[in-house]
Each structure stands twice: as C-alpha cells, then as structure tokens.
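Coordinates as given in entry.cif (mmCIF, C-alpha atoms and all ligand atoms):
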```cif
data_my_file
#
loop_
_atom_site.label_atom_id
_atom_site.label_comp_id
_atom_site.auth_asym_id
_atom_site.auth_seq_id
_atom_site.Cartn_x
_atom_site.Cartn_y
_atom_site.Cartn_z
CA MET Z 1 0.00 0.00 0.00
CA VAL Z 2 1.34 3.42 -0.97
CA ASP Z 3 0.92 5.92 1.88
CA LEU Z 4 -0.86 9.27 1.61
CA ARG Z 5 2.33 11.27 1.91
CA SER Z 6 3.82 9.48 -1.10
CA LYS Z 7 0.60 10.08 -3.05
CA PHE Z 8 0.49 13.82 -2.27
CA LEU Z 9 4.15 14.15 -3.27
CA GLY Z 10 3.55 12.01 -6.34
CA GLY Z 11 0.59 14.11 -7.49
CA MET Z 12 2.41 17.43 -7.15
CA VAL Z 13 5.82 16.31 -8.45
CA GLY Z 14 4.24 14.13 -11.15
CA SER Z 15 2.16 16.96 -12.57
CA ALA Z 16 5.14 19.34 -12.60
CA LEU Z 17 7.37 16.77 -14.34
CA GLY Z 18 4.70 16.03 -16.94
CA ASP Z 19 4.57 19.76 -17.65
CA ALA Z 20 8.36 20.27 -17.78
CA ILE Z 21 9.04 17.17 -19.90
CA GLY Z 22 6.02 17.83 -22.15
CA GLU Z 23 7.48 21.25 -22.91
CA ILE Z 24 10.78 19.66 -24.02
CA ALA Z 25 8.85 17.19 -26.21
CA PHE Z 26 7.69 20.08 -28.46
CA ARG Z 27 11.24 20.16 -29.83
CA LEU Z 28 12.04 16.44 -29.42
CA PRO Z 29 8.81 14.61 -30.23
CA ASP Z 30 10.37 11.17 -30.40
CA ARG Z 31 10.84 8.64 -27.60
CA GLU Z 32 14.59 7.99 -27.91
CA ARG Z 33 15.57 11.61 -28.56
CA LEU Z 34 13.43 12.82 -25.68
CA LEU Z 35 14.86 10.26 -23.24
CA GLY Z 36 18.38 11.12 -24.43
CA ALA Z 37 17.79 14.83 -23.88
CA LEU Z 38 16.36 14.16 -20.40
CA ALA Z 39 19.47 12.22 -19.46
CA ARG Z 40 21.65 15.17 -20.52
CA ARG Z 41 19.59 18.04 -19.04
CA GLU Z 42 20.56 19.37 -15.65
CA THR Z 43 17.29 21.11 -14.86
CA LEU Z 44 13.72 20.42 -15.94
CA VAL Z 45 11.97 23.79 -16.14
CA TYR Z 46 8.21 23.89 -15.71
CA THR Z 47 5.72 26.28 -17.38
CA ASP Z 48 2.58 28.23 -16.43
CA ASP Z 49 0.73 24.95 -15.69
CA THR Z 50 2.92 24.30 -12.65
CA ALA Z 51 3.24 27.99 -11.75
CA MET Z 52 -0.56 28.03 -11.39
CA ALA Z 53 -0.67 24.66 -9.56
CA ILE Z 54 1.82 26.16 -7.10
CA GLY Z 55 -0.45 29.19 -6.72
CA LEU Z 56 -3.47 26.98 -6.06
CA ALA Z 57 -1.50 24.96 -3.49
CA GLU Z 58 -0.22 28.13 -1.79
CA SER Z 59 -3.72 29.49 -1.54
CA LEU Z 60 -5.12 26.22 -0.13
CA ARG Z 61 -2.27 26.02 2.37
CA GLU Z 62 -2.98 29.55 3.54
CA ARG Z 63 -6.78 29.44 3.71
CA GLY Z 64 -7.67 25.76 3.98
CA GLU Z 65 -10.41 26.34 1.38
CA ILE Z 66 -10.98 28.00 -1.98
CA ASP Z 67 -11.21 31.74 -1.47
CA PRO Z 68 -11.61 33.05 -5.04
CA ALA Z 69 -10.45 36.60 -4.30
CA ARG Z 70 -7.31 35.38 -2.57
CA LEU Z 71 -6.65 32.69 -5.20
CA GLY Z 72 -6.82 35.37 -7.91
CA GLU Z 73 -4.32 37.53 -6.00
CA VAL Z 74 -1.89 34.64 -5.63
CA PHE Z 75 -2.20 33.72 -9.34
CA ARG Z 76 -1.61 37.33 -10.35
CA GLY Z 77 1.35 37.79 -7.98
CA ASN Z 78 3.03 34.67 -9.33
CA TYR Z 79 2.35 35.76 -12.92
CA GLU Z 80 3.82 39.22 -12.31
CA ARG Z 81 6.95 37.71 -10.79
CA GLU Z 82 7.42 35.25 -13.68
CA PRO Z 83 5.44 36.40 -16.73
CA TRP Z 84 7.74 34.35 -19.02
CA ARG Z 85 6.34 30.93 -17.99
CA GLY Z 86 4.29 30.53 -21.17
CA TYR Z 87 0.82 31.73 -20.19
CA ALA Z 88 -1.84 31.84 -22.91
CA MET Z 89 -3.69 35.12 -23.46
CA GLY Z 90 -6.61 34.64 -21.04
CA PRO Z 91 -4.99 34.87 -17.60
CA PRO Z 92 -2.74 37.90 -18.35
CA ALA Z 93 -5.71 39.71 -19.93
CA LEU Z 94 -7.88 39.20 -16.88
CA PHE Z 95 -5.11 40.10 -14.42
CA ASP Z 96 -4.72 43.34 -16.33
CA LEU Z 97 -8.47 43.97 -16.25
CA VAL Z 98 -8.60 43.44 -12.48
CA ARG Z 99 -5.66 45.78 -11.98
CA ARG Z 100 -7.14 48.52 -14.16
CA THR Z 101 -10.79 48.37 -13.12
CA GLY Z 102 -10.84 46.75 -9.68
CA VAL Z 103 -13.53 44.20 -10.65
CA SER Z 104 -13.33 40.74 -9.04
CA TYR Z 105 -11.34 37.95 -10.69
CA THR Z 106 -14.48 35.90 -11.30
CA ALA Z 107 -16.24 38.87 -12.92
CA ALA Z 108 -13.21 39.58 -15.09
CA ALA Z 109 -12.96 35.88 -16.05
CA ALA Z 110 -16.64 35.84 -17.02
CA SER Z 111 -16.13 38.82 -19.33
CA LEU Z 112 -13.40 37.14 -21.41
CA PHE Z 113 -13.96 35.85 -24.95
CA GLY Z 114 -16.97 38.02 -25.65
CA GLY Z 115 -18.64 37.24 -22.33
CA SER Z 116 -18.63 33.43 -22.62
CA GLY Z 117 -15.53 32.92 -20.45
CA SER Z 118 -12.59 30.69 -21.39
CA PHE Z 119 -12.92 27.03 -22.29
CA GLY Z 120 -9.14 26.66 -22.35
CA ASN Z 121 -7.56 23.82 -20.36
CA GLY Z 122 -5.91 26.24 -17.91
CA ALA Z 123 -8.20 25.44 -14.97
CA ALA Z 124 -7.70 21.68 -15.50
CA MET Z 125 -3.92 21.82 -15.97
CA ARG Z 126 -3.34 23.17 -12.43
CA ILE Z 127 -5.85 21.03 -10.51
CA ALA Z 128 -3.60 18.37 -8.90
CA PRO Z 129 -3.29 20.14 -5.50
CA LEU Z 130 -7.06 20.53 -5.28
CA GLY Z 131 -7.74 16.87 -6.12
CA LEU Z 132 -5.22 15.87 -3.46
CA PHE Z 133 -6.52 18.26 -0.82
CA PHE Z 134 -10.20 17.38 -1.36
CA HIS Z 135 -9.69 13.68 -2.12
CA ARG Z 136 -12.50 12.68 0.24
CA ALA Z 137 -14.83 15.67 -0.26
CA ALA Z 138 -18.44 15.05 -1.31
CA ASP Z 139 -18.59 18.49 -2.97
CA LEU Z 140 -15.52 18.02 -5.16
CA TYR Z 141 -17.25 19.39 -8.29
CA ALA Z 142 -18.16 22.62 -6.48
CA GLN Z 143 -14.64 23.02 -5.07
CA ALA Z 144 -13.04 22.50 -8.48
CA ALA Z 145 -15.55 24.90 -10.06
CA ALA Z 146 -14.80 27.59 -7.48
CA SER Z 147 -11.08 27.30 -8.26
CA ALA Z 148 -11.69 27.28 -12.02
CA GLU Z 149 -13.97 30.32 -12.11
CA VAL Z 150 -11.19 32.63 -10.98
CA THR Z 151 -9.90 32.39 -14.58
CA HIS Z 152 -12.22 30.07 -16.56
CA ALA Z 153 -15.95 30.85 -16.50
CA HIS Z 154 -17.08 28.76 -19.49
CA PRO Z 155 -18.86 25.55 -18.41
CA ILE Z 156 -16.41 23.47 -20.47
CA GLY Z 157 -13.39 25.11 -18.84
CA VAL Z 158 -14.94 24.38 -15.44
CA ASP Z 159 -15.84 20.82 -16.42
CA GLY Z 160 -12.23 20.06 -17.37
CA ALA Z 161 -11.07 21.12 -13.92
CA ALA Z 162 -13.76 19.06 -12.18
CA VAL Z 163 -13.13 15.89 -14.19
CA LEU Z 164 -9.38 16.07 -13.59
CA ALA Z 165 -9.95 16.80 -9.90
CA ARG Z 166 -12.07 13.67 -9.60
CA ALA Z 167 -9.44 11.61 -11.39
CA VAL Z 168 -6.69 12.83 -9.03
CA ALA Z 169 -8.90 12.38 -5.95
CA ARG Z 170 -9.81 8.85 -6.94
CA ALA Z 171 -6.18 8.07 -7.74
CA VAL Z 172 -5.28 9.05 -4.17
CA ARG Z 173 -7.89 6.68 -2.75
CA GLU Z 174 -7.03 3.65 -4.89
CA ASP Z 175 -4.41 1.06 -3.97
CA PRO Z 176 -2.04 0.44 -6.91
CA GLY Z 177 -1.35 -3.00 -5.48
CA ALA Z 178 -4.98 -3.92 -6.17
CA GLY Z 179 -5.11 -2.36 -9.66
CA ILE Z 180 -7.97 -0.46 -11.32
CA ARG Z 181 -10.54 -1.17 -13.99
CA PRO Z 182 -9.74 1.51 -16.60
CA ALA Z 183 -13.00 1.36 -18.57
CA GLU Z 184 -15.04 1.73 -15.39
CA TRP Z 185 -12.89 4.73 -14.42
CA ALA Z 186 -13.59 6.39 -17.76
CA ARG Z 187 -17.34 5.78 -17.45
CA ASP Z 188 -17.35 7.20 -13.94
CA LEU Z 189 -15.60 10.37 -15.12
CA ALA Z 190 -18.03 10.72 -18.04
CA ALA Z 191 -20.94 10.49 -15.62
CA PHE Z 192 -19.32 13.13 -13.39
CA ALA Z 193 -18.88 15.60 -16.26
CA ARG Z 194 -21.67 18.12 -16.77
CA THR Z 195 -21.16 19.28 -20.36
CA GLU Z 196 -22.14 17.23 -23.39
CA GLU Z 197 -18.80 18.04 -25.04
CA MET Z 198 -16.82 16.49 -22.18
CA ARG Z 199 -19.13 13.50 -21.65
CA GLU Z 200 -19.03 12.60 -25.32
CA ARG Z 201 -15.21 12.51 -25.50
CA LEU Z 202 -14.75 10.68 -22.20
CA GLY Z 203 -17.36 8.21 -23.42
CA LEU Z 204 -15.05 7.18 -26.29
CA ILE Z 205 -12.30 6.00 -23.93
CA PRO Z 206 -13.56 2.49 -23.00
CA ALA Z 207 -13.72 1.40 -26.65
CA LEU Z 208 -10.32 2.94 -27.43
CA LEU Z 209 -8.79 1.03 -24.51
CA GLU Z 210 -10.52 -2.21 -25.37
CA GLU Z 211 -9.52 -2.14 -29.03
CA ASP Z 212 -5.97 -1.27 -27.94
CA HIS Z 213 -5.54 1.55 -30.45
CA PRO Z 214 -2.07 3.06 -30.68
CA PRO Z 215 -1.98 6.26 -28.59
CA GLY Z 216 -1.49 8.45 -31.67
CA GLU Z 217 -4.82 7.23 -33.02
CA ALA Z 218 -6.51 7.81 -29.66
CA ALA Z 219 -5.02 11.31 -29.50
CA ARG Z 220 -6.50 12.13 -32.90
CA ARG Z 221 -9.92 10.84 -31.92
CA LEU Z 222 -10.07 12.31 -28.42
CA GLY Z 223 -8.38 15.62 -29.22
CA ARG Z 224 -5.12 17.05 -27.90
CA GLY Z 225 -5.74 20.77 -28.21
CA ILE Z 226 -5.75 23.75 -25.89
CA GLU Z 227 -9.52 23.45 -25.24
CA ALA Z 228 -10.52 21.64 -22.04
CA HIS Z 229 -12.78 19.07 -23.73
CA LEU Z 230 -10.18 18.42 -26.43
CA SER Z 231 -7.34 17.65 -24.03
CA ALA Z 232 -8.57 16.42 -20.64
CA PRO Z 233 -10.01 13.18 -22.13
CA TYR Z 234 -6.73 12.25 -23.84
CA ALA Z 235 -4.80 12.97 -20.62
CA VAL Z 236 -7.16 10.63 -18.76
CA TYR Z 237 -6.68 8.05 -21.51
CA ALA Z 238 -2.88 8.30 -21.26
CA PHE Z 239 -3.14 7.42 -17.56
CA LEU Z 240 -5.73 4.66 -18.02
CA ARG Z 241 -3.71 3.03 -20.78
CA ARG Z 242 -0.69 2.66 -18.47
CA PRO Z 243 -1.81 3.03 -14.84
CA ASP Z 244 1.06 0.75 -13.82
CA ALA Z 245 3.97 2.89 -15.08
CA PHE Z 246 4.55 6.63 -14.55
CA GLU Z 247 7.15 6.85 -17.30
CA GLU Z 248 4.91 5.21 -19.92
CA CYS Z 249 1.96 7.38 -18.93
CA LEU Z 250 4.13 10.47 -19.37
CA LEU Z 251 5.53 9.43 -22.76
CA GLY Z 252 2.06 8.48 -23.97
CA ALA Z 253 0.74 11.89 -22.97
CA VAL Z 254 3.49 14.05 -24.50
CA LEU Z 255 4.63 12.19 -27.64
CA HIS Z 256 1.49 12.46 -29.77
CA GLY Z 257 1.21 16.12 -30.63
CA GLY Z 258 -0.97 18.94 -29.46
CA ASP Z 259 -0.68 20.73 -26.13
CA ARG Z 260 2.14 18.52 -24.87
CA ASP Z 261 3.08 20.27 -21.62
CA THR Z 262 -0.50 20.45 -20.41
CA LEU Z 263 -1.33 16.89 -21.47
CA GLY Z 264 1.72 15.81 -19.47
CA ALA Z 265 0.73 17.87 -16.42
CA MET Z 266 -2.81 16.48 -16.40
CA ALA Z 267 -1.95 12.82 -17.04
CA CYS Z 268 1.00 12.72 -14.65
CA GLY Z 269 -0.82 14.42 -11.79
CA ILE Z 270 -3.18 11.44 -11.85
CA SER Z 271 -0.40 8.88 -12.28
CA GLY Z 272 1.74 10.32 -9.48
CA ALA Z 273 -1.23 10.47 -7.11
CA TYR Z 274 -2.02 6.83 -7.89
CA LEU Z 275 1.45 5.25 -7.84
CA GLY Z 276 3.13 7.54 -5.31
CA VAL Z 277 6.34 9.53 -5.63
CA GLU Z 278 8.64 6.49 -5.47
CA ALA Z 279 7.26 5.33 -8.83
CA ILE Z 280 8.59 8.46 -10.53
CA PRO Z 281 12.10 7.95 -11.95
CA GLU Z 282 14.50 9.41 -9.43
CA GLU Z 283 16.69 10.85 -12.13
CA TRP Z 284 13.79 13.04 -13.35
CA ARG Z 285 12.64 14.03 -9.89
CA GLY Z 286 16.12 15.18 -8.92
CA LYS Z 287 16.24 17.55 -11.90
CA LEU Z 288 12.88 19.23 -11.36
CA GLU Z 289 13.17 22.97 -10.89
CA ASN Z 290 12.08 24.12 -7.41
CA LEU Z 291 11.60 20.52 -6.26
CA ALA Z 292 11.95 21.48 -2.58
CA ILE Z 293 9.22 24.13 -2.86
CA ILE Z 294 6.86 21.72 -4.61
CA GLU Z 295 7.52 18.97 -2.05
CA GLU Z 296 7.00 21.38 0.82
CA LEU Z 297 3.63 22.41 -0.62
CA ALA Z 298 2.58 18.77 -0.97
CA GLU Z 299 3.50 18.13 2.67
CA ALA Z 300 1.64 21.25 3.80
CA LEU Z 301 -1.49 20.25 1.86
CA LEU Z 302 -1.39 16.83 3.47
CA ALA Z 303 -1.01 18.30 6.96
CA ARG Z 304 -3.83 20.80 6.41
CA SER Z 305 -6.22 18.27 4.82
CA ALA Z 306 -5.80 15.72 7.61
O1 LIG Z 401 -6.72 28.05 -20.57
P1 LIG Z 401 -5.49 28.84 -20.57
O2 LIG Z 401 -4.85 29.18 -19.28
O3 LIG Z 401 -4.45 28.16 -21.52
C1 LIG Z 401 -3.76 27.06 -21.09
C2 LIG Z 401 -2.77 26.67 -22.13
C3 LIG Z 401 -1.90 25.56 -21.70
O4 LIG Z 401 -1.45 24.90 -22.84
C4 LIG Z 401 -0.73 26.25 -21.05
O5 LIG Z 401 0.40 25.46 -21.06
C5 LIG Z 401 -0.58 27.50 -21.88
O6 LIG Z 401 0.27 27.30 -22.94
O7 LIG Z 401 -1.88 27.76 -22.39
O8 LIG Z 401 -5.65 30.21 -21.39
P2 LIG Z 401 -6.88 30.82 -22.17
O9 LIG Z 401 -6.32 31.96 -22.96
O10 LIG Z 401 -7.98 31.12 -21.23
O11 LIG Z 401 -7.39 29.69 -23.16
C6 LIG Z 401 -6.51 29.14 -24.10
C7 LIG Z 401 -6.96 29.46 -25.52
O12 LIG Z 401 -8.14 28.76 -25.83
C8 LIG Z 401 -7.32 30.92 -25.77
O13 LIG Z 401 -6.19 31.74 -25.87
C9 LIG Z 401 -8.16 30.81 -27.03
O14 LIG Z 401 -7.35 30.63 -28.15
C10 LIG Z 401 -8.93 29.53 -26.75
N1 LIG Z 401 -10.25 29.82 -26.14
C11 LIG Z 401 -11.29 30.32 -26.75
N2 LIG Z 401 -11.45 30.70 -28.03
C12 LIG Z 401 -12.66 31.20 -28.38
N3 LIG Z 401 -13.69 31.31 -27.52
C13 LIG Z 401 -10.59 29.62 -24.87
N4 LIG Z 401 -11.86 30.01 -24.65
C14 LIG Z 401 -12.33 30.45 -25.80
C15 LIG Z 401 -13.60 30.96 -26.22
O15 LIG Z 401 -14.60 31.08 -25.47
MG MG Z 402 2.23 25.51 -20.12
#
```
Please lay out the structure from this file as structure tokens.
Amino acid sequence: MVDLRSKFLGGMVGSALGDAIGEIAFRLPDRERLLGALARRETLVYTDDTAMAIGLAESLRERGEIDPARLGEVFRGNYEREPWRGYAMGPPALFDLVRRTGVSYTAAAASLFGGSGSFGNGAAMRIAPLGLFFHRAADLYAQAAASAEVTHAHPIGVDGAAVLARAVARAVREDPGAGIRPAEWARDLAAFARTEEMRERLGLIPALLEEDHPPGEAARRLGRGIEAHLSAPYAVYAFLRRPDAFEECLLGAVLHGGDRDTLGAMACGISGAYLGVEAIPEEWRGKLENLAIIEELAEALLARSA
C-alpha cells in the first residue's frame, strides 16, 4: 500500500514533471531523442501549468479552502513575478483587467472571450493540488468549479477542472497493489462531467482502450488541443492506458502532438497520485526545478487536509 504522503508528493511532483518534460517534447517529439535529452539536461523547467498549480496549493495552504479573491491575487502575484512561464492570453488579460478596473477575478474571467468565459484547459492543468486536498470531499465538483472560475468561467473550462480533480482524488484513494478497472474509471468520469462536449469525448475512452488503439490514433480521436474538452479526455486516456507505469503514462501523454506540456501535467498528476512519488524515476525528480518548494507544498497540503 502506498501511503498518503507518497501520493500527495507524487501528485504534485508528477504533474510538474509532466509539464516540464512535455514542454521539451515540443522540440524532441520522439521517444529515444526525448529520453536522451532528459538524461543530458541538468534542470527540468516547468511552465505556467505548474506555476498556477503552485499558486493553487499556496492558496489552499494559507486558507484551507478555496477563497476566489485570494486565489486570484496569488495567481496574479506569481504571474507578475514570472510572466515568461508561457501563459496563454486569457490569464494575463484578466489580471490586467482586475488591476485597471478593480472588478473581481471571477467577474473579469466571465467577461473574457466576448462574455462566454474561457474554455481553455488552464483550470484543469493546475488542478492536482485541489484533487489531493479534497480527495474525500463530497462536494468536489463545487470546489473544483470555485477554483476554475477565478480564470475560466465557461462551463467546459470548469468541467475540465472538475473531471481532472475527480481523477486525481480517486487516484489518491485507490491502492495500486490492487489495480484499477480503466473502462469503469472512464465511465465514472463521463458520468461526473456536466457538459455534453466532455461527456461525449470521455465516453469514447472504453472502446479505445478495449480495441488497444495506438496512442497516436486515440489522441487524434479524443483531441489534444488547448480546449478543455479536447485535451482532458486524452490525458485521462494516457493514464488509463498505463496506470502501472509513470514513465509510460508520461511518454504516452506528450509524444502524440498537441498541447504537450499540459497533457503531461494532467496525465502525470493522476499517475503520481495513484502510484506515489517512489514510482517516478528518481533521475527526473532530482532535476525538477524548485523541487523542494513543490515537495513542501505537498507536505503542507497533506497536513492541512488531515
Ligand atoms: O486556458 P489557458 O490558461 O491556456 C492554457 C494553455 C496551456 O497549454 C498552457 O500550457 C498555456 O500554454 O496555455 O488560457 P486561455 O487563454 O484562457 O485559453 C486558451 C486558448 O483557448 C485561448 O487563448 C483561445 O485561443 C482559446 N479559447 C477560446 N477561443 C474562443 N472562444 C478559450 N476560450 C475560448 C472561447 O470562449
Ligand atoms: Mg504551459
């Protein structure tokens, strides 16, 4: 049995490594070249996905709950300190709007994209700390939605965060020694989703697993884009195809095109929370930028959630 501490560390470190290694895979989208580059690199640098996961973890550590106003402040402070992390256009635009007009983060987020809010995968990519912290909560959807709406007001953007949160939370509760039933997992997540777009894609996963399609084919069918419903399902698939092996989950997530860093962050947050931190190759862990800060946050979340 993997203990809770290992699972919290695994979820946080796993998600950050999926992000950092996924980013490298944009330039080296081939298994052998990517593994070779990872062996040579000294530091694995993460992107906005992990910067925002850190912000979410910091805010949960401080408040013990989702406080949207505070979460927005923490996100904005971290962005202003490190604007070069690779943020898409939504978050910087809304931080600017809040600074100029004084409206709330949730109001600013709701005004983006012509008033529909963002359906980008940005609320899902950062969700690992929330899934860990609330791994036993009955109101997980509401908690994930409250964290999402600080930047992503569109129901699909929210749904991506909620589905990933449930996957991480369930991964924490499952014993890797006992194994999981991947198709049942996918059906459970589809039933948890609240938008047709997300349900439909998640609903394709059981057949894709059963017919043992190559991951590239699954990526094409499920989507691997920047939109929440066209990336969260493939990240879930990458985990469910190889729940037994962190490294294979990661390579499956990042080697088949699309939004590689975010697919890696989402898939590997689940994998790390399931298998525990010891299942993550030590060589990769040791090279992760700001490892001590990320580990400390995982420990603090565990202490505060207990
Ligand atoms: O969701 P978000 O934070 O982006 C996350 C991605 C990840 O890959 C990160 O690694 C980073 O690279 O970016 O940022 P948003 O700007 O909210 O959403 C991402 C993109 O999705 C937008 O810039 C738009 O191109 C698109 N998009 C929309 N397009 C039209 N209408 C999101 N919502 C809409 C919409 O409502
Ligand atoms: Mg990124």
What are the closest atom pairs, with distances in Å to one decimal, for all residues of chain Z lying within 12 Å of ligand MG 402 (chain Z)? Consider only C-alpha atoms and all ligand atoms, order rows by chain and residue number, and present the result as a Markdown table.
```
| residue | atom | partner | partner_atom | distance |
| --- | --- | --- | --- | --- |
| Z:Ser15 | CA | Z:MG402 | MG | 11.4 |
| Z:Ala16 | CA | Z:MG402 | MG | 10.2 |
| Z:Leu17 | CA | Z:MG402 | MG | 11.7 |
| Z:Gly18 | CA | Z:MG402 | MG | 10.3 |
| Z:Asp19 | CA | Z:MG402 | MG | 6.7 |
| Z:Ala20 | CA | Z:MG402 | MG | 8.4 |
| Z:Ile21 | CA | Z:MG402 | MG | 10.8 |
| Z:Gly22 | CA | Z:MG402 | MG | 8.8 |
| Z:Glu23 | CA | Z:MG402 | MG | 7.3 |
| Z:Ile24 | CA | Z:MG402 | MG | 11.1 |
| Z:Phe26 | CA | Z:MG402 | MG | 11.4 |
| Z:Val45 | CA | Z:MG402 | MG | 10.7 |
| Z:Tyr46 | CA | Z:MG402 | MG | 7.6 |
| Z:Thr47 | CA | Z:MG402 | MG | 4.5 |
| Z:Asp48 | CA | Z:MG402 | MG | 4.6 |
| Z:Asp49 | CA | Z:MG402 | MG | 4.7 |
| Z:Thr50 | CA | Z:MG402 | MG | 7.6 |
| Z:Ala51 | CA | Z:MG402 | MG | 8.8 |
| Z:Met52 | CA | Z:MG402 | MG | 9.5 |
| Z:Ala53 | CA | Z:MG402 | MG | 11.0 |
| Z:Pro83 | CA | Z:MG402 | MG | 11.8 |
| Z:Trp84 | CA | Z:MG402 | MG | 10.5 |
| Z:Arg85 | CA | Z:MG402 | MG | 7.1 |
| Z:Gly86 | CA | Z:MG402 | MG | 5.5 |
| Z:Tyr87 | CA | Z:MG402 | MG | 6.4 |
| Z:Ala88 | CA | Z:MG402 | MG | 8.0 |
| Z:Met89 | CA | Z:MG402 | MG | 11.8 |
| Z:Gly120 | CA | Z:MG402 | MG | 11.6 |
| Z:Asn121 | CA | Z:MG402 | MG | 9.9 |
| Z:Gly122 | CA | Z:MG402 | MG | 8.5 |
| Z:Ala123 | CA | Z:MG402 | MG | 11.6 |
| Z:Ala124 | CA | Z:MG402 | MG | 11.6 |
| Z:Met125 | CA | Z:MG402 | MG | 8.3 |
| Z:Arg126 | CA | Z:MG402 | MG | 9.8 |
| Z:Ile226 | CA | Z:MG402 | MG | 10.0 |
| Z:Gly258 | CA | Z:MG402 | MG | 11.9 |
| Z:Asp259 | CA | Z:MG402 | MG | 8.2 |
| Z:Arg260 | CA | Z:MG402 | MG | 8.5 |
| Z:Asp261 | CA | Z:MG402 | MG | 5.5 |
| Z:Thr262 | CA | Z:MG402 | MG | 5.8 |
| Z:Leu263 | CA | Z:MG402 | MG | 9.4 |
| Z:Gly264 | CA | Z:MG402 | MG | 9.7 |
| Z:Ala265 | CA | Z:MG402 | MG | 8.6 |
| Z:Met266 | CA | Z:MG402 | MG | 11.0 |
```
**Complete:** Using only C-alpha atoms, the shortest atom-to-atom distance to Leu297 in chain Z among Z:Arg220, Z:His256, Z:Arg5, Z:Arg61 belongs to Z:Arg61
**Item:** Long-range neighbours of Leu255 in chain Z as a PyMOL selection string, 10 Å cut-off, all atoms listed in the file, 2 positions minimum in chain
**Value:** chain Z and resi 22+25-26+28-31+34+215-216+219+250-253+257-258+260+263-264
**Request:** Name all residues at most 6 Å from range 98-111 of chain Z (count only C-alpha atoms; drop same-chain ones fewer than 6 positions away) and give them as number ranges by chain.
**Result:** Z: 72, 117, 149-153
**Prompt:** For ligand LIG 401 (chain Z), which residue among Z:Leu230, Z:Leu60, Z:Ala193, Z:Ala167 is the nearest when counting only C-alpha atoms and all ligand atoms?
**Reply:**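 Comparing Z:Leu230, Z:Leu60, Z:Ala193, Z:Ala167 against ligand LIG 401 (chain Z), the winner is Z:Leu230.
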**Asked** What is the distance, in Å and to one decimal place, between CA of Gln143 in chain Z and CA of Ile66 in chain Z?
**Response**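 Computing it gives 6.9 Å between the two atoms.
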**Request:** Point out the residue among Z:Leu204, Z:Ala137, Z:Ala57, Z:Leu9 with the least atom-to-atom distance to Arg170 in chain Z, counting all atoms listed in the file.
**Result:** Z:Ala137
**Fill in**
Across Z:Leu132, Z:Val74, Z:Ala232, Z:Ala138, the smallest distance to ligand LIG 401 (chain Z), with only C-alpha atoms and all ligand atoms counted, is shown by Z:Ala232
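If you look at CA of Pro91 in chain Z and atom O8 of ligand LIG 401 (chain Z), they are 6.0 Å away from each other.
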**Item:** d(CA of Leu94 in chain Z, CA of Asp67 in chain Z) in Å
**Value:**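 If I compute the distance from CA of Leu94 in chain Z to CA of Asp67 in chain Z, I get 17.4 Å.
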**Asked** Which is closer to ligand LIG 401 (chain Z) than all the others in Z:Ala162, Z:Ala191, Z:Ile156, Z:Leu130, using only C-alpha atoms and all ligand atoms?
**Response** Z:Ile156
**Among listed residues Z:Ala128, Z:Ala165, Z:Ala207, Z:Ala228, nearest ligand LIG 401 (chain Z) (using only C-alpha atoms and all ligand atoms)** =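 Nearest to ligand LIG 401 (chain Z): Z:Ala228.
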For ligand LIG 401 (chain Z), I'd like the enclosing box, axis-aligned and padded by 8 Å on every side, reported as JSON with centre and edge lengths in Å to one decimal.
```
{"center_x": -7.1, "center_y": 28.4, "center_z": -23.8, "size_x": 31.0, "size_y": 23.1, "size_z": 25.1}
```
**Item:** 8 Å contact set for Arg166 in chain Z, only C-alpha atoms, chain neighbours under 4 positions out, as JSON, numbers by chain
**Value:** {"Z": [131, 135, 140, 141, 162, 170, 189]}
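Residues surrounding Asp244 in chain Z within 9 Å are Pro176, Gly179, Phe239, Leu240, Glu248, Cys249, Ser271 and Leu275 of chain Z [all atoms listed in the file; sequence separation below 4 positions excluded].
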Prev. selection, C-alpha atoms, output as an mmCIF file, in the coordinates of the input:
```
data_model
loop_
_atom_site.group_PDB
_atom_site.id
_atom_site.type_symbol
_atom_site.label_atom_id
_atom_site.label_comp_id
_atom_site.auth_asym_id
_atom_site.auth_seq_id
_atom_site.Cartn_x
_atom_site.Cartn_y
_atom_site.Cartn_z
ATOM 1 C CA PRO Z 176 -2.040 0.440 -6.910
ATOM 2 C CA GLY Z 179 -5.110 -2.360 -9.660
ATOM 3 C CA PHE Z 239 -3.140 7.420 -17.560
ATOM 4 C CA LEU Z 240 -5.730 4.660 -18.020
ATOM 5 C CA GLU Z 248 4.910 5.210 -19.920
ATOM 6 C CA CYS Z 249 1.960 7.380 -18.930
ATOM 7 C CA SER Z 271 -0.400 8.880 -12.280
ATOM 8 C CA LEU Z 275 1.450 5.250 -7.840
#
```
Hey, could you patch up range 1-10 of chain Z with N, CA, C and O atoms and hand it over as a CSV table (one decimal), in the frame of the given file?
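Resulting contents of selection15.csv:
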```csv
chain,number,residue,atom,x,y,z
Z,1,MET,N,0.9,-1.2,0.0
Z,1,MET,CA,0.0,0.0,0.0
Z,1,MET,C,0.9,1.3,0.0
Z,1,MET,O,1.8,1.4,0.8
Z,2,VAL,N,0.6,2.2,-0.9
Z,2,VAL,CA,1.3,3.4,-1.0
Z,2,VAL,C,0.7,4.4,0.0
Z,2,VAL,O,-0.5,4.6,0.0
Z,3,ASP,N,1.5,5.0,0.9
Z,3,ASP,CA,0.9,5.9,1.9
Z,3,ASP,C,0.5,7.3,1.3
Z,3,ASP,O,0.9,7.6,0.2
Z,4,LEU,N,-0.3,8.0,2.1
Z,4,LEU,CA,-0.9,9.3,1.6
Z,4,LEU,C,0.2,10.3,1.3
Z,4,LEU,O,0.1,11.1,0.3
Z,5,ARG,N,1.3,10.3,2.1
Z,5,ARG,CA,2.3,11.3,1.9
Z,5,ARG,C,3.0,11.1,0.5
Z,5,ARG,O,3.2,12.0,-0.2
Z,6,SER,N,3.2,9.8,0.2
Z,6,SER,CA,3.8,9.5,-1.1
Z,6,SER,C,2.9,9.9,-2.2
Z,6,SER,O,3.3,10.4,-3.3
Z,7,LYS,N,1.6,9.7,-2.0
Z,7,LYS,CA,0.6,10.1,-3.0
Z,7,LYS,C,0.5,11.6,-3.2
Z,7,LYS,O,0.4,12.1,-4.4
Z,8,PHE,N,0.5,12.4,-2.1
Z,8,PHE,CA,0.5,13.8,-2.3
Z,8,PHE,C,1.8,14.3,-3.0
Z,8,PHE,O,1.7,15.2,-3.9
Z,9,LEU,N,2.9,13.8,-2.6
Z,9,LEU,CA,4.2,14.2,-3.3
Z,9,LEU,C,4.1,13.7,-4.7
Z,9,LEU,O,4.5,14.5,-5.6
Z,10,GLY,N,3.6,12.5,-5.0
Z,10,GLY,CA,3.6,12.0,-6.3
Z,10,GLY,C,2.6,12.9,-7.2
Z,10,GLY,O,3.0,13.1,-8.4
```
